[in-house]
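Listing of model_26.cif, mmCIF, C-alpha atoms
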```cif
data_start
loop_
_atom_site.label_atom_id
_atom_site.label_comp_id
_atom_site.auth_asym_id
_atom_site.auth_seq_id
_atom_site.Cartn_x
_atom_site.Cartn_y
_atom_site.Cartn_z
CA MET A 1 -37.76 -17.38 35.43
CA HIS A 2 -34.37 -18.02 34.01
CA ARG A 3 -32.81 -14.96 32.55
CA THR A 4 -29.63 -14.74 30.61
CA ARG A 5 -27.92 -11.52 30.04
CA VAL A 6 -25.66 -11.19 27.03
CA ARG A 7 -23.40 -8.23 27.16
CA ILE A 8 -22.61 -6.87 23.75
CA VAL A 9 -19.11 -5.49 23.50
CA GLU A 10 -18.64 -4.78 19.89
CA ASP A 11 -15.88 -3.03 18.07
CA ALA A 12 -15.72 -2.41 14.38
CA LEU A 13 -13.79 -5.60 13.81
CA ASP A 14 -16.07 -7.92 15.82
CA ALA A 15 -18.25 -8.91 12.88
CA ASN A 16 -15.17 -9.57 10.83
CA ASN A 17 -13.69 -11.81 13.53
CA THR A 18 -16.94 -13.77 13.82
CA ILE A 19 -16.93 -14.50 10.10
CA ALA A 20 -13.20 -15.25 10.16
CA ARG A 21 -13.82 -17.93 12.78
CA ALA A 22 -16.58 -19.44 10.63
CA ASN A 23 -14.19 -19.50 7.66
CA ARG A 24 -11.51 -21.17 9.74
CA ASP A 25 -13.98 -23.80 10.96
CA ASP A 26 -14.82 -24.59 7.34
CA PHE A 27 -11.17 -24.81 6.37
CA ASP A 28 -10.40 -27.00 9.41
CA ARG A 29 -13.27 -29.34 8.63
CA HIS A 30 -11.72 -29.94 5.22
CA GLY A 31 -8.21 -30.24 6.62
CA VAL A 32 -6.98 -27.25 4.66
CA THR A 33 -4.15 -25.13 6.05
CA VAL A 34 -4.59 -21.48 5.13
CA VAL A 35 -1.79 -18.93 4.77
CA ASN A 36 -2.59 -15.22 4.44
CA LEU A 37 0.23 -13.63 2.42
CA MET A 38 0.55 -9.86 2.68
CA SER A 39 2.91 -7.12 1.45
CA ALA A 40 3.15 -3.69 -0.14
CA PRO A 41 2.41 -3.52 -3.88
CA GLY A 42 5.21 -5.04 -5.92
CA ALA A 43 7.10 -6.69 -3.05
CA GLY A 44 7.02 -10.03 -4.90
CA LYS A 45 4.20 -12.11 -3.38
CA THR A 46 3.19 -13.68 -6.69
CA SER A 47 6.78 -14.35 -7.75
CA LEU A 48 7.48 -16.07 -4.43
CA LEU A 49 4.41 -18.27 -4.98
CA GLU A 50 5.44 -19.07 -8.56
CA ARG A 51 8.82 -20.14 -7.22
CA THR A 52 7.42 -22.57 -4.65
CA LEU A 53 3.86 -23.77 -5.17
CA ALA A 54 4.49 -25.84 -8.29
CA ASP A 55 6.84 -28.19 -6.47
CA LEU A 56 5.40 -28.64 -3.03
CA ASP A 57 5.90 -32.36 -2.58
CA GLY A 58 2.54 -34.13 -2.44
CA ILE A 59 0.77 -31.02 -1.16
CA ARG A 60 -2.39 -30.17 -3.05
CA THR A 61 -2.35 -26.40 -3.22
CA GLY A 62 -4.83 -23.70 -4.24
CA VAL A 63 -4.63 -19.94 -4.32
CA LEU A 64 -7.17 -17.24 -3.55
CA GLU A 65 -6.14 -14.00 -5.23
CA GLY A 66 -7.24 -10.67 -3.80
CA ASP A 67 -6.82 -7.78 -6.17
CA VAL A 68 -8.49 -4.43 -6.58
CA GLN A 69 -8.73 -5.01 -10.29
CA GLY A 70 -7.23 -7.01 -13.13
CA ARG A 71 -6.32 -10.67 -13.34
CA VAL A 72 -2.58 -10.44 -13.83
CA ASP A 73 -1.70 -12.41 -10.70
CA ALA A 74 -4.49 -14.96 -11.09
CA ASP A 75 -3.27 -15.70 -14.62
CA ARG A 76 0.30 -16.18 -13.40
CA ILE A 77 -0.85 -18.68 -10.76
CA ALA A 78 -3.20 -20.49 -13.16
CA ALA A 79 -0.18 -21.02 -15.44
CA LEU A 80 1.19 -23.28 -12.68
CA HIS A 81 -1.86 -25.52 -13.19
CA LEU A 82 -3.12 -24.83 -9.69
CA PRO A 83 -6.73 -24.02 -8.85
CA VAL A 84 -7.04 -20.26 -8.42
CA VAL A 85 -10.04 -18.19 -7.42
CA GLN A 86 -9.96 -14.43 -7.69
CA ILE A 87 -11.69 -11.89 -5.47
CA ASP A 88 -11.97 -8.61 -7.29
CA THR A 89 -12.38 -5.99 -4.55
CA ALA A 90 -13.42 -3.29 -7.04
CA HIS A 91 -16.63 -5.11 -7.96
CA GLY A 92 -19.25 -5.26 -5.27
CA PHE A 93 -16.82 -4.49 -2.48
CA GLY A 94 -16.25 -0.77 -3.24
CA ALA A 95 -12.55 -0.93 -4.23
CA GLU A 96 -11.44 -2.18 -0.84
CA CYS A 97 -7.74 -1.95 -0.09
CA HIS A 98 -7.72 -5.27 1.76
CA LEU A 99 -9.48 -8.60 1.98
CA ASP A 100 -11.85 -9.14 4.85
CA ALA A 101 -13.43 -12.31 6.22
CA ASN A 102 -16.70 -11.78 4.39
CA MET A 103 -15.03 -11.47 0.99
CA VAL A 104 -13.17 -14.71 1.63
CA ARG A 105 -16.42 -16.30 2.82
CA SER A 106 -18.09 -15.40 -0.47
CA ALA A 107 -15.29 -17.21 -2.31
CA ILE A 108 -15.46 -20.44 -0.28
CA PRO A 109 -18.14 -22.11 -2.47
CA SER A 110 -15.84 -21.65 -5.47
CA LEU A 111 -12.88 -23.31 -3.77
CA PRO A 112 -12.30 -27.08 -4.18
CA LEU A 113 -11.65 -27.51 -0.44
CA ASP A 114 -12.01 -31.31 -0.58
CA ASP A 115 -9.09 -31.46 -2.97
CA LEU A 116 -6.74 -29.13 -1.12
CA ASP A 117 -4.20 -29.42 1.67
CA LEU A 118 -2.99 -25.84 1.44
CA LEU A 119 -4.70 -22.61 0.47
CA VAL A 120 -2.63 -19.48 0.04
CA ILE A 121 -4.58 -16.24 0.17
CA GLU A 122 -2.67 -13.52 -1.65
CA ASN A 123 -3.97 -10.32 -0.10
CA VAL A 124 -4.25 -6.88 -1.74
CA GLY A 125 -0.89 -5.11 -1.85
CA ASN A 126 -1.06 -2.78 1.14
CA LEU A 127 0.89 -2.46 4.41
CA VAL A 128 -1.93 -1.01 6.50
CA CYS A 129 -5.44 -2.48 6.45
CA PRO A 130 -4.80 -6.15 5.56
CA ALA A 131 -3.09 -6.50 8.96
CA GLU A 132 -6.32 -5.50 10.71
CA PHE A 133 -8.61 -8.05 9.09
CA ARG A 134 -8.34 -11.74 9.89
CA VAL A 135 -9.86 -13.83 7.12
CA GLY A 136 -9.83 -17.29 8.73
CA GLU A 137 -6.17 -18.08 8.15
CA ASP A 138 -3.91 -20.36 10.21
CA HIS A 139 -0.78 -18.38 9.43
CA ARG A 140 0.06 -14.83 8.45
CA VAL A 141 3.18 -14.21 6.39
CA MET A 142 4.43 -10.95 4.98
CA VAL A 143 6.90 -10.04 2.27
CA SER A 144 9.07 -6.95 2.61
CA SER A 145 11.22 -6.02 -0.37
CA VAL A 146 14.62 -4.53 0.36
CA ALA A 147 13.87 -1.97 -2.39
CA GLU A 148 11.27 -0.43 -0.04
CA GLY A 149 13.85 0.77 2.44
CA GLU A 150 14.94 -0.23 5.92
CA ASP A 151 12.48 2.02 7.78
CA LYS A 152 9.35 0.03 6.90
CA PRO A 153 8.95 -1.85 10.23
CA LEU A 154 8.93 1.50 12.03
CA LYS A 155 6.33 2.99 9.67
CA TYR A 156 3.99 0.00 9.45
CA PRO A 157 4.51 -1.76 12.81
CA LEU A 158 1.07 -3.37 12.91
CA MET A 159 1.76 -5.33 9.74
CA PHE A 160 5.19 -6.47 10.89
CA ARG A 161 3.69 -7.47 14.25
CA ALA A 162 0.70 -9.27 12.74
CA CYS A 163 2.69 -11.97 11.00
CA GLU A 164 4.73 -14.89 12.22
CA LEU A 165 7.14 -14.97 9.27
CA VAL A 166 8.75 -12.10 7.36
CA LEU A 167 10.18 -12.88 3.93
CA VAL A 168 12.82 -10.26 3.15
CA ASN A 169 12.69 -10.40 -0.65
CA LYS A 170 14.80 -9.12 -3.58
CA ILE A 171 18.05 -9.54 -1.65
CA ASP A 172 19.74 -9.89 -5.07
CA LEU A 173 19.33 -6.09 -5.27
CA LEU A 174 21.31 -5.42 -2.07
CA PRO A 175 24.57 -4.51 -3.89
CA HIS A 176 22.67 -1.83 -5.84
CA LEU A 177 20.73 -0.23 -2.97
CA ASP A 178 21.50 2.03 -0.04
CA PHE A 179 19.78 -0.51 2.19
CA ASP A 180 21.33 -1.38 5.53
CA LEU A 181 20.16 -4.94 6.19
CA ASP A 182 21.37 -4.87 9.80
CA LYS A 183 19.37 -1.73 10.42
CA PHE A 184 16.25 -3.27 8.87
CA LEU A 185 16.61 -6.38 11.06
CA TYR A 186 17.19 -4.16 14.09
CA HIS A 187 13.96 -2.25 13.35
CA LEU A 188 12.12 -5.54 12.76
CA GLU A 189 13.35 -6.90 16.09
CA ALA A 190 12.21 -3.68 17.79
CA VAL A 191 8.61 -3.98 16.57
CA HIS A 192 8.31 -7.79 16.63
CA PRO A 193 10.97 -9.40 18.82
CA GLY A 194 11.97 -12.89 17.72
CA VAL A 195 9.75 -13.05 14.64
CA GLU A 196 10.97 -15.64 12.13
CA ARG A 197 12.57 -14.11 9.05
CA MET A 198 14.05 -15.47 5.83
CA LEU A 199 16.25 -13.66 3.34
CA VAL A 200 15.03 -14.62 -0.12
CA SER A 201 15.25 -13.73 -3.78
CA ALA A 202 12.49 -14.87 -6.11
CA LYS A 203 14.87 -13.93 -8.93
CA THR A 204 18.01 -15.90 -8.02
CA GLY A 205 16.29 -18.57 -5.94
CA GLU A 206 18.27 -17.74 -2.80
CA GLY A 207 16.38 -18.79 0.33
CA ILE A 208 13.54 -20.30 -1.71
CA ASP A 209 14.14 -23.85 -0.42
CA GLU A 210 13.70 -22.62 3.13
CA TRP A 211 10.43 -20.84 2.23
CA ARG A 212 9.16 -23.91 0.35
CA SER A 213 9.98 -26.09 3.33
CA TRP A 214 8.09 -23.68 5.64
CA LEU A 215 4.99 -24.00 3.42
CA GLN A 216 5.41 -27.78 3.41
CA ARG A 217 5.54 -27.88 7.22
CA ALA A 218 2.54 -25.56 7.47
CA ALA A 219 0.53 -27.74 5.07
CA THR A 220 1.32 -30.95 6.98
CA ARG A 221 0.55 -29.23 10.31
CA GLU A 222 4.07 -29.93 11.48
CA LEU A 223 3.96 -26.19 12.08
CA ALA A 224 1.21 -25.43 14.60
CA PRO A 225 -1.39 -22.90 13.44
CA ALA A 226 -0.89 -19.53 15.06
CA MET B 1 -44.53 31.53 -0.13
CA HIS B 2 -41.17 30.94 -1.60
CA ARG B 3 -40.06 27.37 -1.32
CA THR B 4 -36.69 25.98 -2.18
CA ARG B 5 -36.12 22.36 -2.61
CA VAL B 6 -32.64 20.99 -2.02
CA ARG B 7 -32.11 17.55 -3.36
CA ILE B 8 -29.60 15.57 -1.34
CA VAL B 9 -27.56 13.23 -3.45
CA GLU B 10 -24.91 11.96 -1.15
CA ASP B 11 -22.33 9.33 -1.63
CA ALA B 12 -19.78 8.24 0.91
CA LEU B 13 -17.25 10.70 -0.43
CA ASP B 14 -19.51 13.76 -0.47
CA ALA B 15 -18.59 14.96 3.00
CA ASN B 16 -14.94 14.51 2.16
CA ASN B 17 -15.29 16.56 -1.01
CA THR B 18 -17.06 19.35 0.86
CA ILE B 19 -14.22 19.61 3.35
CA ALA B 20 -11.63 19.33 0.57
CA ARG B 21 -13.19 22.36 -1.13
CA ALA B 22 -13.05 24.30 2.14
CA ASN B 23 -9.37 23.37 2.51
CA ARG B 24 -8.64 24.48 -1.04
CA ASP B 25 -10.40 27.81 -0.44
CA ASP B 26 -8.16 28.37 2.57
CA PHE B 27 -5.03 27.47 0.62
CA ASP B 28 -6.12 29.70 -2.29
CA ARG B 29 -6.79 32.64 0.00
CA HIS B 30 -3.20 32.39 1.21
CA GLY B 31 -1.84 31.89 -2.29
CA VAL B 32 -0.44 28.47 -1.46
CA THR B 33 -0.17 25.82 -4.20
CA VAL B 34 -0.79 22.35 -2.80
CA VAL B 35 0.60 19.13 -4.24
CA ASN B 36 -0.69 15.76 -3.00
CA LEU B 37 2.14 13.23 -3.42
CA MET B 38 1.14 9.58 -3.39
CA SER B 39 2.77 6.16 -3.89
CA ALA B 40 3.15 2.64 -2.56
CA PRO B 41 5.29 2.24 0.58
CA GLY B 42 8.97 2.69 -0.18
CA ALA B 43 8.60 4.11 -3.70
CA GLY B 44 10.75 7.08 -2.77
CA LYS B 45 8.42 10.02 -2.04
CA THR B 46 10.55 11.40 0.79
CA SER B 47 13.81 10.94 -1.12
CA LEU B 48 12.38 12.78 -4.11
CA LEU B 49 11.37 15.65 -1.81
CA GLU B 50 14.79 15.72 -0.14
CA ARG B 51 16.32 15.98 -3.62
CA THR B 52 14.24 18.98 -4.69
CA LEU B 53 12.63 21.03 -1.93
CA ALA B 54 15.82 22.47 -0.46
CA ASP B 55 16.71 24.27 -3.67
CA LEU B 56 13.44 25.51 -5.08
CA ASP B 57 14.47 28.97 -6.17
CA GLY B 58 12.65 31.61 -4.11
CA ILE B 59 9.75 29.28 -3.36
CA ARG B 60 8.80 29.11 0.30
CA THR B 61 7.92 25.46 0.82
CA GLY B 62 6.32 23.45 3.60
CA VAL B 63 5.49 19.79 3.97
CA LEU B 64 2.56 17.99 5.56
CA GLU B 65 3.54 14.42 6.37
CA GLY B 66 0.91 11.72 6.54
CA ASP B 67 2.07 8.54 8.22
CA VAL B 68 0.36 5.77 10.10
CA GLN B 69 3.00 5.96 12.77
CA GLY B 70 6.53 7.13 13.44
CA ARG B 71 8.26 10.36 12.52
CA VAL B 72 10.97 9.04 10.21
CA ASP B 73 9.86 11.06 7.18
CA ALA B 74 9.03 14.20 9.14
CA ASP B 75 12.52 14.16 10.65
CA ARG B 76 14.10 13.79 7.21
CA ILE B 77 12.17 16.80 5.89
CA ALA B 78 12.85 18.87 9.02
CA ALA B 79 16.55 18.29 8.40
CA LEU B 80 16.12 20.40 5.24
CA HIS B 81 15.09 23.32 7.50
CA LEU B 82 11.60 23.43 6.05
CA PRO B 83 8.43 23.73 8.13
CA VAL B 84 6.92 20.27 8.48
CA VAL B 85 3.70 19.23 10.17
CA GLN B 86 2.93 15.58 10.74
CA ILE B 87 -0.46 13.89 10.72
CA ASP B 88 -0.25 10.61 12.55
CA THR B 89 -3.18 8.54 11.26
CA ALA B 90 -2.82 5.94 14.02
CA HIS B 91 -3.76 8.44 16.75
CA GLY B 92 -7.32 9.63 16.73
CA PHE B 93 -7.95 8.55 13.17
CA GLY B 94 -8.02 4.77 13.73
CA ALA B 95 -4.91 3.78 11.75
CA GLU B 96 -6.23 5.09 8.47
CA CYS B 97 -4.42 3.95 5.34
CA HIS B 98 -4.83 7.34 3.65
CA LEU B 99 -5.20 11.03 4.37
CA ASP B 100 -8.65 12.52 3.99
CA ALA B 101 -9.78 16.13 3.79
CA ASN B 102 -10.75 16.29 7.46
CA MET B 103 -7.34 15.15 8.65
CA VAL B 104 -5.71 17.82 6.51
CA ARG B 105 -8.22 20.36 7.83
CA SER B 106 -7.22 19.57 11.38
CA ALA B 107 -3.60 20.31 10.46
CA ILE B 108 -4.28 23.68 8.81
CA PRO B 109 -4.02 25.77 12.03
CA SER B 110 -0.52 24.34 12.54
CA LEU B 111 0.64 25.32 9.06
CA PRO B 112 2.33 28.73 8.50
CA LEU B 113 0.22 29.39 5.40
CA ASP B 114 1.11 33.09 5.30
CA ASP B 115 4.74 32.19 4.85
CA LEU B 116 4.33 29.53 2.17
CA ASP B 117 4.07 29.43 -1.61
CA LEU B 118 4.05 25.67 -1.90
CA LEU B 119 2.77 22.95 0.38
CA VAL B 120 3.56 19.31 -0.44
CA ILE B 121 1.32 16.77 1.25
CA GLU B 122 3.12 13.43 1.47
CA ASN B 123 0.30 10.92 1.70
CA VAL B 124 0.35 7.51 3.43
CA GLY B 125 2.14 4.89 1.32
CA ASN B 126 -0.74 3.05 -0.36
CA LEU B 127 -1.88 2.63 -3.98
CA VAL B 128 -5.59 2.24 -3.25
CA CYS B 129 -7.44 4.59 -0.88
CA PRO B 130 -5.40 7.81 -1.16
CA ALA B 131 -6.60 8.10 -4.78
CA GLU B 132 -10.21 8.23 -3.57
CA PHE B 133 -9.86 11.09 -1.11
CA ARG B 134 -9.24 14.64 -2.28
CA VAL B 135 -7.69 16.72 0.46
CA GLY B 136 -7.88 20.21 -1.07
CA GLU B 137 -4.88 19.91 -3.37
CA ASP B 138 -4.26 21.69 -6.67
CA HIS B 139 -2.21 18.86 -8.13
CA ARG B 140 -1.93 15.12 -7.63
CA VAL B 141 1.38 13.44 -8.35
CA MET B 142 2.31 9.82 -7.87
CA VAL B 143 5.59 7.97 -7.64
CA SER B 144 5.92 4.47 -9.07
CA SER B 145 9.19 2.65 -8.42
CA VAL B 146 10.46 0.37 -11.17
CA ALA B 147 11.23 -2.19 -8.42
CA GLU B 148 7.47 -2.67 -8.02
CA GLY B 149 7.03 -4.24 -11.45
CA GLU B 150 5.55 -3.17 -14.75
CA ASP B 151 2.01 -4.42 -14.02
CA LYS B 152 1.16 -1.78 -11.41
CA PRO B 153 -0.94 0.53 -13.66
CA LEU B 154 -3.16 -2.46 -14.49
CA LYS B 155 -3.56 -3.45 -10.84
CA TYR B 156 -4.11 0.02 -9.38
CA PRO B 157 -5.69 1.94 -12.29
CA LEU B 158 -7.56 4.43 -10.11
CA MET B 159 -4.32 5.74 -8.62
CA PHE B 160 -2.61 6.03 -11.99
CA ARG B 161 -5.69 7.80 -13.37
CA ALA B 162 -6.09 10.15 -10.41
CA CYS B 163 -2.83 11.98 -10.94
CA GLU B 164 -1.56 14.36 -13.58
CA LEU B 165 2.11 13.43 -13.25
CA VAL B 166 3.74 10.03 -12.73
CA LEU B 167 7.31 9.98 -11.45
CA VAL B 168 8.87 6.67 -12.49
CA ASN B 169 11.53 6.39 -9.79
CA LYS B 170 14.63 4.25 -9.11
CA ILE B 171 15.49 4.00 -12.79
CA ASP B 172 19.10 3.46 -11.68
CA LEU B 173 17.95 -0.08 -10.80
CA LEU B 174 16.78 -0.89 -14.34
CA PRO B 175 19.93 -2.85 -15.30
CA HIS B 176 19.36 -5.12 -12.29
CA LEU B 177 15.63 -5.80 -12.70
CA ASP B 178 13.43 -7.81 -15.03
CA PHE B 179 11.43 -4.65 -15.64
CA ASP B 180 10.29 -3.85 -19.16
CA LEU B 181 10.02 -0.05 -19.20
CA ASP B 182 8.23 -0.02 -22.56
CA LYS B 183 5.64 -2.41 -21.20
CA PHE B 184 5.13 -0.27 -18.09
CA LEU B 185 4.66 2.86 -20.22
CA TYR B 186 2.28 0.94 -22.48
CA HIS B 187 0.20 -0.10 -19.44
CA LEU B 188 0.31 3.47 -18.11
CA GLU B 189 -0.88 4.82 -21.46
CA ALA B 190 -3.70 2.27 -21.45
CA VAL B 191 -5.10 3.38 -18.07
CA HIS B 192 -4.30 7.11 -18.34
CA PRO B 193 -3.68 8.18 -21.94
CA GLY B 194 -1.32 11.12 -22.30
CA VAL B 195 -0.53 11.52 -18.61
CA GLU B 196 2.74 13.38 -18.04
CA ARG B 197 5.55 11.12 -16.87
CA MET B 198 9.17 11.62 -15.84
CA LEU B 199 11.88 9.00 -15.45
CA VAL B 200 13.80 9.85 -12.31
CA SER B 201 16.30 8.51 -9.81
CA ALA B 202 16.48 10.06 -6.37
CA LYS B 203 19.78 8.19 -5.99
CA THR B 204 21.70 9.33 -9.10
CA GLY B 205 19.82 12.58 -9.64
CA GLU B 206 18.66 11.64 -13.13
CA GLY B 207 15.48 13.51 -14.06
CA ILE B 208 15.52 15.48 -10.82
CA ASP B 209 15.96 18.85 -12.54
CA GLU B 210 12.80 18.22 -14.54
CA TRP B 211 10.84 17.31 -11.38
CA ARG B 212 12.18 20.36 -9.55
CA SER B 213 11.18 22.58 -12.46
CA TRP B 214 7.68 21.05 -12.44
CA LEU B 215 7.33 21.94 -8.73
CA GLN B 216 8.61 25.44 -9.46
CA ARG B 217 6.04 25.95 -12.22
CA ALA B 218 3.27 24.58 -9.97
CA ALA B 219 4.27 26.92 -7.13
CA THR B 220 4.29 30.00 -9.39
CA ARG B 221 0.96 28.97 -10.94
CA GLU B 222 2.62 28.80 -14.35
CA LEU B 223 1.10 25.33 -14.25
CA ALA B 224 -2.68 25.66 -13.95
CA PRO B 225 -4.25 23.84 -10.99
CA ALA B 226 -5.99 20.63 -12.09
#
```
Represent the supplied structure as structure tokens.
Amino acid sequence: MHRTRVRIVEDALDANNTIARANRDDFDRHGVTVVNLMSAPGAGKTSLLERTLADLDGIRTGVLEGDVQGRVDADRIAALHLPVVQIDTAHGFGAECHLDANMVRSAIPSLPLDDLDLLVIENVGNLVCPAEFRVGEDHRVMVSSVAEGEDKPLKYPLMFRACELVLVNKIDLLPHLDFDLDKFLYHLEAVHPGVERMLVSAKTGEGIDEWRSWLQRAATRELAPA
Amino acid sequence: MHRTRVRIVEDALDANNTIARANRDDFDRHGVTVVNLMSAPGAGKTSLLERTLADLDGIRTGVLEGDVQGRVDADRIAALHLPVVQIDTAHGFGAECHLDANMVRSAIPSLPLDDLDLLVIENVGNLVCPAEFRVGEDHRVMVSSVAEGEDKPLKYPLMFRACELVLVNKIDLLPHLDFDLDKFLYHLEAVHPGVERMLVSAKTGEGIDEWRSWLQRAATRELAPA
């Protein structure tokens, strides 16, 4: 008799990873590149999307908004005339502080995947748990505002390690802060050597072309999925 | 025969609340007032403590630092020559994004409670989960930095509702931000009507006397525990 033995090695994140892979398969089948955008509350994720998504050349873009509550961000993105779907983590998900693969899965039927090249998932503002939950993305990007202080890579290393691009935002504030940019970049290099970084300001537009071009390359798969 | 029926109505936070009450009993027995200080990453909790704790008149103060990793904040507080105990949520607690009552309980034997009037618990930087877990505190205070944007009370209402005092920090940056203070206060009033608020700047010292005096009144129990 033929017997197969399946060894079950499960950790708490196994189920999440299984669903994340299913999500990614669905996105791949529709040719949609997915970017998971993460940051602390108020680091400027939505502003950086407002600055770029409206003029991505020929790239059909949608946004999946993760928020504990409220539709402030979803309304801001909808004003760009882009399809936006909101996941409200306070309803049915027990006020989760992050998106997980299953929440994103539940949103897939509401997403016009056939009409998209790029989907940006704006995660819940939090520097801890979002880094632990893959949601089926091709790329993970984080935003770190200089107003948060230069010690953040040391205090939240998992987040800074989880992503392939760090957008250092609000650099227009540098003259008004006791923020040592060199020290921040030194800490960043210590926790994630060689990670790509861009200095940007959603307010003045500095660095925004570079960020838009990164999204463009991700959407056209010129940039290989991570 | 005498029969007693105990109805068990348990929610996920019941065990936490039981331990929180035990912690509070211990703190009460030693006459220690406990303040749970919460905020998003980089809002300025540690800076606001550095500005005040060293010169609290006649108040013996200690700090319990909650961090996912690293000892940056604990070192800053120790430099004030105050007793500081650090809870590292990445070791043994599975990289928790908040402190809970059991973590604080495990730190109690390391705290010199007999020699303290005031204990400040600096929670993990996060606007979601810390609001859900009581740790045995008398007072809950949050810091919201104006650099985070005026929509934060709408997006994280539980946090803004959970506390009795909101420190609106980094007001020195107001001239350099598109931050409408009136709108922020309007949103705050909408989610937590009448909550006490102070406009402060850890950098310039504005409002710091008021915050120091609040801590003083809390420590001497002039301010009733919540």
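Between Ser47 of chain B and the candidates B:His81, B:Val72, B:Val104, B:Gly149, the tightest atom-to-atom separation, counting only C-alpha atoms, involves B:Val72.
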Problem - Within 12 Å of Leu127 of chain A using only C-alpha atoms, minus same-chain residues under 6 positions, as number ranges by chain - result: A: 37-43, 97-98, 133, 142-145, 148, 152-163; B: 40-42, 67-68, 95-98, 124-128
Problem - Nearest to Asp25 of chain B by atom-to-atom distance, counting all atoms listed in the file, from B:Leu64, B:Arg105, B:Asp57, B:Asp73 - result: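 Among B:Leu64, B:Arg105, B:Asp57, B:Asp73, it is B:Arg105 that comes nearest to Asp25 of chain B.
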Handout entry: Atomic separation - atom CA of Ala74 of chain B relative to atom CA of Asp138 of chain B, Å
Key = 22.0 Å
Practice task
One decimal, Å: what's the distance from atom CA of Gly70 of chain A over to atom CA of Ser201 of chain A, could you say?
Solution key: 25.3 Å
Exercise for the section: List, as a ChimeraX atom specification, every residue that the PyMOL selection byres ((chain B and resi 77) around 12) selects in the file provided. Expected result: /B:45-54,61-65,71-76,78-86,120-122
Exercise for the section: Counting all atoms listed in the file, note down every residue that has an atom within 12 Å of the point (-14.2, -17.0, 11.5) (file coordinates), as a ChimeraX atom specification. Expected result: /A:13-28,100-105,133-138
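Separating atom CA of Gly58 of chain A from atom CA of Ala224 of chain A is a distance of 19.2 Å.
For the choices B:Lys203, B:His30, B:Lys183, B:His139, the atom-to-atom distance to chain A is smallest for B:Lys203 when using all atoms listed in the file.
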Completion exercise
With distances taken over only C-alpha atoms, the candidate from B:Leu56, B:Val32, B:Val195, B:Val146 nearest Leu215 of chain B is B:Leu56
Handout entry: Distance criterion (only C-alpha atoms): nearest to Val191 of chain A out of A:Arg221, A:Arg60, A:Leu99, A:Asp151
Key =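 Among the listed residues, the smallest separation from Val191 of chain A belongs to A:Asp151.
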